[in-house]
Each structure stands twice: as C-alpha cells, then as structure tokens.
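Here's the structure we're looking at; comments come further down.
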Amino acid sequence: MTTPEAVAQLDKLVAVLRPGIFVLAVALILLELTILSFRKININHKGGAVSLLSGVFVFGLEAIADFLFYISLTYWLYAHRIFELGFKWYVWVLCFLLYDLMFYLSHLLQHKVRLLWCFHSVHHTAEEMRLSTAVRGSMFDFIYAPPFFVWMCVLGIHPLMFIVVRTVSRVWGILEHISEPLVGTMPLLNRIFITPDVHRVHHGKNVQYIDKNFAEVLSIWDRLFGTYVEYDEQPVYGILKPIDADNFYDIQFGQFKDLFADLGKTKGLKNKLIVALMPPGK
C-alpha cells in the first residue's frame with residue numbers, strides 16, 4: 001500500500017490520533033487535578049497552565065508536520081523497503097522493540113548534545129511531577145524528533161504499524177508522569193517497565209539522578225547500557241540552570257538564547273559546532 005489513497009487514509013488516521021492523545025491527556029490531567037484537590041495536595045496551577053499551553057503547540061505542530069510531510073515520507077521509505085516483513089505478530093514485536101530502543105537513543109542524545117537539549121530541556125523545566133508535565137515540551141519538537149524514527153519504514157515496517165506503536169508508546173509516556181501521591185513504587189514492574197517511580201528519577205536534578213532512566217516503555221535498555229538507577233530519595237524536579245518555570249517564553253526559548261549568545265562569542269565554524277554539539281551545562 002504505497003498509493004496516494006493509502007497515504008491519504010493514514011493522514012486521516014493520524015489526524016484523529018494526534019488530537020485524540022491530547023484530549024485523552026487533558027482528560028487525565030483534569031481527573032488527576034480533581035483528585036489532588038480533593039485530597040488537599042498543593043499543586044502549581046500556573047505551572048500546569050504553562051505545560052498545557054506548551055502541549056497545544058507540541059501536539060498541534062506535530063500533527064501539521066505529519067500531515068504536510070512525515071506521513072508521506074514514511075510511505076516513500078516503505079516503498080523503498082529492504083525487507084518484506086508484512087504484519088505478522090513478531091513484526092509488531094520487532095517494531096515495538098526497535099521504536100523503544102530508538103526512543104532511548106534519541107532521548108540520550110537530547111541530554112548529551114547541547115543543541116538538542118535546548119529543545120528537550122523544556123520538558124524538564126517543570127518543578128513538580130504530575131500528568132501536565134507529560135505535555136510540557138518544546139514547540140519545535142516536530143523539527144528534530146521524527147527523523148529518529150521514520151527511517152524504520154525502510155526496513156519494511158509498514159507506516160500503519162509504526163503509527164500504532166508510536167501512539168501506544170506515547171500514551172504510556174503520558175501515564176508515567178502521574179503524581180507521586182496517587183501511585184507509589186512498583187518494584188516488580190520496574191524490572192521490565194519504565195514505571196512512574198522509575199521516570200521520576202529521570203526528572204530529578206539530584207546528582208545521582210541526572211541523565212538516568214532514558215527509556216519510554218521498557219527499562220531493559222537503561223539496564224543494558226548502564227543508565228538505570230532505582231528510586232532512592234525524593235527527587236528535586238527541574239533543571240540546574242535558574243529559570244522561571246512558570247514563564248512560557250523562558251522555558252521555550254531560554255536555552256536557545258544562551259546558546260546563541262555563546263555562539264556569538266565563539267570564533268570559527270569548527271568551534272561554533274563544538275559549542276552546539278558539546279554536552280549541556282543543564
């Protein structure tokens with residue numbers, strides 16, 4: 001299925017899935033907010049509003065990018081596929097494992113490359129952990145994130161399979177941000193999955209938590225590559241660089257502003273590239 005009609009059908013599916021995930025996220029955020037309020041647990045309403053505003057841009061611009069470019073690109077890659085894999089059950093498993101591994105690797109790079117950190121740091125600026133944090137992202141995520149994944153279709157992963165796996169993984173990624181008072185530790189599930197307490201570690205700026213637990217669904221990648229850390233002490237959320245976490249402009253553009261300032265003070269293209277690609281100061 002590489003016809004324009006097939007592409008159009010998948011465009012329609014994505015047009016439903018993207019807004020659908022955001023609507024689901026908002027519904028869960030409101031439900032969580034209601035429960036936390038009922039239990040008289042203090043929350044940052046302004047920070048939550050900034051997260052939701054960020055989410056509108058993230059999901060909206062990603063949907064536009066899918067419609068204008070990325071879905072057609074997945075079909076073009078699939079038309080030039082190396083293998084004929086089909087839709088057998090083990091191909092679904094392969095697609096999921098490959099997607100989850102690529103999420104781990106891309107997430108790792110977002111923490112290790114300063115330019116990518118300028119995008120990803122937006123997600124880490126939240127100074128509390130709850131479901132609204134899940135939708136706090138850079139409004140420019142659509143620029144750099146998809147290329148880490150769409151190439152999978154050239155192996156023979158059908159675009160439909162890719163979209164379904166991406167959607168399921170995205171929903172899991174939202175749920176792992178649930179507020180700590182609502183979900184405790186899950187030591188047995190932690191052996192296999194990225195659970196809320198495992199992901200809380202990733203958002204902590206405690207010394208032992210920095211750059212740990214990168215995966216989205218399976219914890220095996222962090223264990224395999226030595227980046228896994230168990231929940232030990234209460235995480236302190238946020239980033240090391242002082243920032244107004246309740247200011248939309250500051251969280252979206254603050255890191256870029258600092259990077260461009262450093263690039264302006266750096267002479268020579270090679271040195272500018274080093275500044276852009278070096279690890280961030282967090």
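The way I read the labels, and the way they are meant: chains A, B, ... in the order of the structure tokens, residue 1 as the first residue of every chain, and ligand 1 as the first ligand shown, with later ones counted on from there.
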| request: Please run DSSP on the backbone and report, as a list of chain:residue names, all residues within range 63-250 of chain A that come out as strand (DSSP E or B). | output: A:Phe193, A:Gly204, A:Leu218, A:Tyr237
| task | May I have the residues within 10 Å of Pro242 in chain A as a PyMOL selection string, using only C-alpha atoms and disregarding those fewer than 3 positions away in the same chain? | result | chain A and resi 125+238-239+245+254+282
| task | Measure the distance from CA of Ala63 in chain A to CA of Ile163 in chain A in Å and round it to one decimal. | result |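 Interatomic distance here is 12.2 Å.
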| request: Write out as a PyMOL selection string each polymer residue whose atoms come within 9 Å of range 99-102 of chain A, counting only C-alpha atoms; drop sequence neighbours fewer than 2 positions from it. | output: chain A and resi 94-97+104-107+148-149+152+162+165-166+169+215-218+221
| Interatomic distance between CA of Tyr70 in chain A and CA of Val150 in chain A? |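 For CA of Tyr70 in chain A relative to CA of Val150 in chain A, the distance reads 7.6 Å.
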| query | Near Leu24 in chain A, counting only C-alpha atoms, which residues have an atom at most 12 Å away, once you skip same-chain residues fewer than 4 positions from it, shown as a PyMOL selection string? | reply | chain A and resi 16-20+28-31+131-132+134-135+167+170-172+174-175
Could the residues in this selection be saved with N, CA, C and O atoms as a PDB file, in the first residue's frame?
```
ATOM      1  N   VAL A  16      -6.758  11.990  13.518  1.00  0.00           N
ATOM      2  CA  VAL A  16      -7.605  11.640  14.655  1.00  0.00           C
ATOM      3  C   VAL A  16      -6.765  11.295  15.878  1.00  0.00           C
ATOM      4  O   VAL A  16      -7.076  11.695  16.998  1.00  0.00           O
ATOM      5  N   LEU A  17      -5.669  10.566  15.665  1.00  0.00           N
ATOM      6  CA  LEU A  17      -4.861  10.086  16.772  1.00  0.00           C
ATOM      7  C   LEU A  17      -4.161  11.209  17.524  1.00  0.00           C
ATOM      8  O   LEU A  17      -4.144  11.227  18.758  1.00  0.00           O
ATOM      9  N   ARG A  18      -3.560  12.143  16.798  1.00  0.00           N
ATOM     10  CA  ARG A  18      -2.835  13.232  17.455  1.00  0.00           C
ATOM     11  C   ARG A  18      -3.741  14.032  18.389  1.00  0.00           C
ATOM     12  O   ARG A  18      -3.450  14.165  19.581  1.00  0.00           O
ATOM     13  N   PRO A  19      -4.859  14.584  17.879  1.00  0.00           N
ATOM     14  CA  PRO A  19      -5.763  15.309  18.784  1.00  0.00           C
ATOM     15  C   PRO A  19      -6.335  14.383  19.853  1.00  0.00           C
ATOM     16  O   PRO A  19      -6.579  14.808  20.989  1.00  0.00           O
ATOM     17  N   GLY A  20      -6.563  13.114  19.479  1.00  0.00           N
ATOM     18  CA  GLY A  20      -7.128  12.166  20.434  1.00  0.00           C
ATOM     19  C   GLY A  20      -6.233  11.960  21.644  1.00  0.00           C
ATOM     20  O   GLY A  20      -6.708  11.898  22.785  1.00  0.00           O
ATOM     21  N   LEU A  28      -7.153  13.201  31.505  1.00  0.00           N
ATOM     22  CA  LEU A  28      -6.425  12.594  32.626  1.00  0.00           C
ATOM     23  C   LEU A  28      -5.848  13.654  33.557  1.00  0.00           C
ATOM     24  O   LEU A  28      -5.847  13.485  34.783  1.00  0.00           O
ATOM     25  N   ILE A  29      -5.358  14.752  32.969  1.00  0.00           N
ATOM     26  CA  ILE A  29      -4.816  15.856  33.767  1.00  0.00           C
ATOM     27  C   ILE A  29      -5.903  16.444  34.669  1.00  0.00           C
ATOM     28  O   ILE A  29      -5.679  16.697  35.859  1.00  0.00           O
ATOM     29  N   LEU A  30      -7.096  16.649  34.106  1.00  0.00           N
ATOM     30  CA  LEU A  30      -8.205  17.212  34.883  1.00  0.00           C
ATOM     31  C   LEU A  30      -8.663  16.243  35.969  1.00  0.00           C
ATOM     32  O   LEU A  30      -8.999  16.659  37.092  1.00  0.00           O
ATOM     33  N   LEU A  31      -8.675  14.952  35.641  1.00  0.00           N
ATOM     34  CA  LEU A  31      -9.050  13.952  36.643  1.00  0.00           C
ATOM     35  C   LEU A  31      -8.035  13.932  37.779  1.00  0.00           C
ATOM     36  O   LEU A  31      -8.411  13.919  38.960  1.00  0.00           O
ATOM     37  N   LEU A 131       0.668  14.781  35.690  1.00  0.00           N
ATOM     38  CA  LEU A 131       0.370  14.466  34.300  1.00  0.00           C
ATOM     39  C   LEU A 131       0.525  15.659  33.362  1.00  0.00           C
ATOM     40  O   LEU A 131       0.838  15.490  32.183  1.00  0.00           O
ATOM     41  N   SER A 132       0.329  16.871  33.854  1.00  0.00           N
ATOM     42  CA  SER A 132       0.508  18.037  32.986  1.00  0.00           C
ATOM     43  C   SER A 132       1.953  18.157  32.513  1.00  0.00           C
ATOM     44  O   SER A 132       2.212  18.695  31.433  1.00  0.00           O
ATOM     45  N   ALA A 134       3.700  15.841  31.410  1.00  0.00           N
ATOM     46  CA  ALA A 134       3.869  14.982  30.235  1.00  0.00           C
ATOM     47  C   ALA A 134       3.708  15.748  28.929  1.00  0.00           C
ATOM     48  O   ALA A 134       4.330  15.400  27.917  1.00  0.00           O
ATOM     49  N   VAL A 135       2.880  16.791  28.917  1.00  0.00           N
ATOM     50  CA  VAL A 135       2.635  17.533  27.673  1.00  0.00           C
ATOM     51  C   VAL A 135       3.478  18.799  27.589  1.00  0.00           C
ATOM     52  O   VAL A 135       3.357  19.555  26.617  1.00  0.00           O
ATOM     53  N   THR A 167       1.785   5.576  18.875  1.00  0.00           N
ATOM     54  CA  THR A 167       0.661   6.072  19.666  1.00  0.00           C
ATOM     55  C   THR A 167       0.593   5.385  21.022  1.00  0.00           C
ATOM     56  O   THR A 167       0.434   6.039  22.060  1.00  0.00           O
ATOM     57  N   ARG A 170       3.336   6.557  23.210  1.00  0.00           N
ATOM     58  CA  ARG A 170       3.105   7.936  23.651  1.00  0.00           C
ATOM     59  C   ARG A 170       2.136   7.971  24.829  1.00  0.00           C
ATOM     60  O   ARG A 170       2.326   8.736  25.778  1.00  0.00           O
ATOM     61  N   VAL A 171       1.103   7.142  24.780  1.00  0.00           N
ATOM     62  CA  VAL A 171       0.141   7.088  25.884  1.00  0.00           C
ATOM     63  C   VAL A 171       0.829   6.586  27.151  1.00  0.00           C
ATOM     64  O   VAL A 171       0.620   7.121  28.248  1.00  0.00           O
ATOM     65  N   TRP A 172       1.661   5.556  27.004  1.00  0.00           N
ATOM     66  CA  TRP A 172       2.426   5.051  28.154  1.00  0.00           C
ATOM     67  C   TRP A 172       3.306   6.169  28.723  1.00  0.00           C
ATOM     68  O   TRP A 172       3.404   6.343  29.940  1.00  0.00           O
ATOM     69  N   ILE A 174       2.800   9.299  28.709  1.00  0.00           N
ATOM     70  CA  ILE A 174       1.988  10.263  29.448  1.00  0.00           C
ATOM     71  C   ILE A 174       1.688   9.743  30.851  1.00  0.00           C
ATOM     72  O   ILE A 174       1.857  10.445  31.854  1.00  0.00           O
ATOM     73  N   LEU A 175       1.280   8.477  30.938  1.00  0.00           N
ATOM     74  CA  LEU A 175       0.857   7.903  32.212  1.00  0.00           C
ATOM     75  C   LEU A 175       1.996   7.812  33.224  1.00  0.00           C
ATOM     76  O   LEU A 175       1.743   7.868  34.437  1.00  0.00           O
TER      77      LEU A 175
END
```
| request: Using DSSP on the backbone, list every residue of range 23-261 of chain A that comes out as alpha helix (DSSP H), and give them as a PyMOL selection string. | output: chain A and resi 23-38+45-65+71-79+89-112+114-124+131-134+141-144+159-175+187-190+196-203+220-225+248-261
| message | Residues within 9 Å of range 141-143 of chain A, please, as a PyMOL selection string. Count only C-alpha atoms; anything in the same chain fewer than 6 positions from it doesn't count. | response | chain A and resi 58-59+61-63+65-66+119-120
Generate a file of the selected residues that holds C-alpha atoms, formatted as a tab-separated table (two decimals), in the first residue's frame.
```tsv
chain	number	residue	atom	x	y	z
A	58	VAL	CA	3.59	20.37	20.63
A	59	PHE	CA	0.65	18.26	19.51
A	61	LEU	CA	2.59	21.43	15.23
A	62	GLU	CA	3.42	17.72	15.22
A	63	ALA	CA	0.03	17.00	13.62
A	65	ALA	CA	4.16	18.27	10.27
A	66	ASP	CA	2.75	14.73	9.95
A	119	PHE	CA	14.58	21.53	22.72
A	120	HIS	CA	14.25	18.80	25.31
```
| task | Considering only C-alpha atoms, return as an MDAnalysis selection string whatever protein or nucleic-acid residues lie within 9 Å of Gln234 in chain A, sequence-local ones (same chain, fewer than 2 positions apart) excluded. | result | chainID A and resid 200:201 204 206 231:232 236
Mind dumping the selected residues with all heavy atoms as a short mmCIF file (atom, residue, chain, number, x, y, z; two decimals), in the first residue's frame?
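Result written to part_12.cif:
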```
data_model
loop_
_atom_site.label_atom_id
_atom_site.label_comp_id
_atom_site.auth_asym_id
_atom_site.auth_seq_id
_atom_site.Cartn_x
_atom_site.Cartn_y
_atom_site.Cartn_z
N ARG A 200 10.26 9.22 37.56
CA ARG A 200 10.51 10.35 38.47
C ARG A 200 12.00 10.58 38.65
O ARG A 200 12.46 11.72 38.78
CB ARG A 200 9.84 10.09 39.83
CG ARG A 200 8.33 10.15 39.79
CD ARG A 200 7.73 9.96 41.18
NE ARG A 200 6.32 9.60 41.04
CZ ARG A 200 5.82 8.42 41.39
NH1 ARG A 200 6.60 7.50 41.94
NH2 ARG A 200 4.54 8.16 41.22
N VAL A 201 12.75 9.50 38.70
CA VAL A 201 14.20 9.59 38.80
C VAL A 201 14.76 10.42 37.65
O VAL A 201 15.61 11.29 37.83
CB VAL A 201 14.83 8.18 38.79
CG1 VAL A 201 16.35 8.27 38.58
CG2 VAL A 201 14.52 7.45 40.09
N GLY A 204 14.51 14.11 38.15
CA GLY A 204 15.17 14.68 39.31
C GLY A 204 16.49 15.33 38.94
O GLY A 204 17.23 14.83 38.09
N ASN A 206 18.70 15.78 41.37
CA ASN A 206 19.64 15.24 42.35
C ASN A 206 20.84 14.69 41.60
O ASN A 206 20.70 14.13 40.50
CB ASN A 206 18.99 14.12 43.16
CG ASN A 206 17.57 14.45 43.62
OD1 ASN A 206 16.75 14.90 42.84
ND2 ASN A 206 17.30 14.23 44.88
N TYR A 231 14.76 4.33 42.27
CA TYR A 231 14.26 5.42 43.10
C TYR A 231 14.83 5.24 44.50
O TYR A 231 14.61 4.23 45.16
CB TYR A 231 12.73 5.37 43.12
CG TYR A 231 12.06 6.52 43.82
CD1 TYR A 231 11.41 7.50 43.09
CD2 TYR A 231 12.06 6.61 45.20
CE1 TYR A 231 10.77 8.56 43.73
CE2 TYR A 231 11.43 7.66 45.84
CZ TYR A 231 10.79 8.63 45.11
OH TYR A 231 10.16 9.67 45.74
N ASP A 232 15.60 6.26 44.94
CA ASP A 232 16.30 6.15 46.22
C ASP A 232 15.80 7.21 47.21
O ASP A 232 15.37 6.90 48.31
CB ASP A 232 17.81 6.27 46.00
CG ASP A 232 18.60 6.11 47.28
OD1 ASP A 232 18.05 5.53 48.23
OD2 ASP A 232 19.75 6.56 47.34
N VAL A 236 14.27 16.12 43.38
CA VAL A 236 14.04 17.56 43.30
C VAL A 236 13.88 17.86 41.81
O VAL A 236 14.83 17.69 41.05
CB VAL A 236 15.20 18.36 43.90
CG1 VAL A 236 14.93 19.85 43.76
CG2 VAL A 236 15.43 17.99 45.36
#
```
| To one decimal place, how far is CA of Trp151 in chain A from CA of Phe69 in chain A in Å? | 13.5 Å
